[in-house]
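Chemist: Here you go, one structure.
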Amino acid sequence: MDFSSSVASQLHAGTILPEGIVIITLMTILVGDIIFGRSSSRWLPYVAIFGLFNSIVALFFQWDNPDAIAFLGSFSGDNLSIVFRGIVVLSAMVTIPMSIRYIQQSGTSLAEFIAIMLTATTGGMFLSGANELTMVFISLEMLSISSYLMTGYMKRDPRSNEAALKY
């Protein structure tokens with residue numbers, strides 16, 4: 001048995017497939033906004049919701065996964081983490097449609113908001129399955145920095161500036 005097959009058998013990278021789907025959706029939204037500009041704000045929320053729905057489907061198929069421990073023990077894909085990762089994804093799926101009109105009325109970029117929301121979703125999903133302190137720290141920083149960015153997202157609103165300053 002060689003080194004590459006033993007490491008590959010212990011990584012179980014398929015455990016983070018739902019997080020990978022959210023990251024691919026995040027990149028699609030960023031690239032789509034760069035290519036199409038403000039005209040992409042009509043279809044970007046649908047792409048985000050579609051990607052989050054695909055992540056829920058991937059979580060559904062991971063239920064009772066026999067290879068629940070991944071990345072040499074730093075990430076757990078057991079049923080409890082699947083439930084909490086599903087809650088995080090469902091909350092993002094509900095938040096994005098509720099915030100579309102408010103973001104458009106404020107005059108800020110919808111793609112940036114959705115990208116920050118998907119980054120927070122990814123951080124929350126990784127935090128739900130973290131087993132080691134390093135993984136907890138990285139995912140908590142990913143979640144908290146994106147939460148800070150969303151707090152001060154409305155640059156022209158004095159309440160948003162005050163909230164970001166107090167954060």
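To be explicit about the labels: the chains of the structure tokens are called A, B, and onward in the order shown, and within each one the residues are counted from 1, while ligands get numbers from 1 in the order they are shown.
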Would you pick out the contacts of Gly32 of chain A at 9 Å or less, using only C-alpha atoms, so that residues sharing its chain but fewer than 6 positions from it are not included, and give the list as JSON, numbers by chain?

Modeler: {"A": [40, 44, 111]}

Chemist: Got a sec: who's within 12 Å of Val31 of chain A, counting only C-alpha atoms, leaving out chain neighbours fewer than 4 positions off, as a list in words?

Modeler: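 Contacts, in chain order: Ile24, Thr25, Leu26, Met27, Ile35, Phe36, Gly37, Ser40, Leu44, Ala111, Glu112 and Ala115 of chain A.
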
Chemist: Given the selection you just returned, output its residues as a file containing C-alpha atoms, formatted as a PDB file, in the first residue's frame.

Modeler:
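So the final result, stored in again.pdb, reads:
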ATOM      1  CA  ILE A  24     -18.808  26.827  -6.401  1.00  0.00           C
ATOM      2  CA  THR A  25     -22.063  28.811  -6.203  1.00  0.00           C
ATOM      3  CA  LEU A  26     -20.167  31.665  -4.545  1.00  0.00           C
ATOM      4  CA  MET A  27     -17.587  31.690  -7.326  1.00  0.00           C
ATOM      5  CA  ILE A  35     -18.878  39.516 -16.482  1.00  0.00           C
ATOM      6  CA  PHE A  36     -22.461  40.799 -16.639  1.00  0.00           C
ATOM      7  CA  GLY A  37     -22.394  43.711 -14.183  1.00  0.00           C
ATOM      8  CA  SER A  40     -26.994  40.132 -13.491  1.00  0.00           C
ATOM      9  CA  LEU A  44     -28.107  35.988  -9.242  1.00  0.00           C
ATOM     10  CA  ALA A 111     -23.977  40.227  -5.842  1.00  0.00           C
ATOM     11  CA  GLU A 112     -21.669  41.409  -3.074  1.00  0.00           C
ATOM     12  CA  ALA A 115     -21.357  36.543  -1.882  1.00  0.00           C
TER      13      ALA A 115
END

Chemist: Give me the segment 40-66 of chain A side of the contact with segment 92-103 of chain A, cut-off 8 Å, one line per residue showing its nearest atom pair and distance in Å at one decimal, counting only C-alpha atoms, sorted by chain and residue number, as a Markdown table.

Modeler:
| residue | atom | partner | partner_atom | distance |
| --- | --- | --- | --- | --- |
| A:Pro45 | CA | A:Ile96 | CA | 6.9 |
| A:Ile49 | CA | A:Met93 | CA | 5.8 |
| A:Leu52 | CA | A:Met93 | CA | 6.5 |
| A:Phe53 | CA | A:Met93 | CA | 7.8 |

Chemist: How many Å lie between atom CA of Thr28 of chain A and atom CA of Phe75 of chain A, rounded to one decimal?

Modeler: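 Between these atoms lies a distance of 25.4 Å.
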
Chemist: May I have the residues within 10 Å of segment 132-141 of chain A as a VMD selection string, using only C-alpha atoms and disregarding those fewer than 4 positions away in the same chain?

Modeler: chain A and resid 73 to 76 120 122 to 128 145 to 147

Chemist: Once you have the residues from the selection above, write them out as a PDB file, in the first residue's frame, restricted to C-alpha atoms.

Modeler:
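That gives us part_2.pdb:
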ATOM      1  CA  GLY A  73     -10.312  13.615  12.017  1.00  0.00           C
ATOM      2  CA  SER A  74     -10.660  17.376  11.667  1.00  0.00           C
ATOM      3  CA  PHE A  75     -14.164  17.316  10.129  1.00  0.00           C
ATOM      4  CA  SER A  76     -17.139  15.203  11.103  1.00  0.00           C
ATOM      5  CA  ALA A 120     -20.995  33.175   6.100  1.00  0.00           C
ATOM      6  CA  THR A 122     -19.825  28.201   4.297  1.00  0.00           C
ATOM      7  CA  GLY A 123     -18.232  29.245   7.582  1.00  0.00           C
ATOM      8  CA  GLY A 124     -21.292  28.103   9.526  1.00  0.00           C
ATOM      9  CA  MET A 125     -21.336  24.786   7.709  1.00  0.00           C
ATOM     10  CA  PHE A 126     -17.661  24.142   8.425  1.00  0.00           C
ATOM     11  CA  LEU A 127     -18.182  25.180  12.042  1.00  0.00           C
ATOM     12  CA  SER A 128     -21.022  22.670  12.400  1.00  0.00           C
ATOM     13  CA  ILE A 145     -15.506  38.285   9.390  1.00  0.00           C
ATOM     14  CA  SER A 146     -18.320  37.871   6.888  1.00  0.00           C
ATOM     15  CA  SER A 147     -20.824  38.776   9.618  1.00  0.00           C
TER      16      SER A 147
END

Chemist: Using backbone DSSP assignments, extract all strand (DSSP E) residues from segment 7-140 of chain A; output them as a list in words.

Modeler: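 Of segment 7-140 of chain A, the ones in strand (DSSP E) are Ile69, Ala70, Phe75 and Ser76 of chain A.
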
Chemist: Between atom CA of Val57 of chain A and atom CA of Met117 of chain A, what is the distance, to one decimal in Å?

Modeler: 19.5 Å

Chemist: Just list as number ranges by chain whatever in segment 25-146 of chain A DSSP marks as helix (DSSP H, G or I).

Modeler: A: 25-42, 44-61, 71-73, 79-106, 110-128, 133-146

Chemist: Excluding Pro66 of chain A and any residue of its chain fewer than 5 positions from it, enumerate the residues within 12 Å of it, using only C-alpha atoms, and give them as a CSV table (one decimal) with C-alpha atoms, in the first residue's frame.

Modeler:
chain,number,residue,atom,x,y,z
A,12,HIS,CA,-13.0,11.2,2.6
A,14,GLY,CA,-16.8,13.7,-0.3
A,15,THR,CA,-17.9,14.6,3.2
A,61,PHE,CA,-27.7,11.9,0.5
A,76,SER,CA,-17.1,15.2,11.1
A,77,GLY,CA,-20.0,14.4,8.8
A,78,ASP,CA,-22.2,12.6,11.2
A,79,ASN,CA,-26.0,13.0,11.4

Chemist: In Å to one decimal, how far is atom CA of Phe50 of chain A from atom CA of Ser81 of chain A?

Modeler: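 Computing it gives 21.7 Å between the two atoms.
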
Chemist: Would you please work out which residue, of A:Ile56, A:Ile21, A:Ala48, A:Ala70, is nearest to Ile116 of chain A when using only C-alpha atoms?

Modeler: A:Ala48
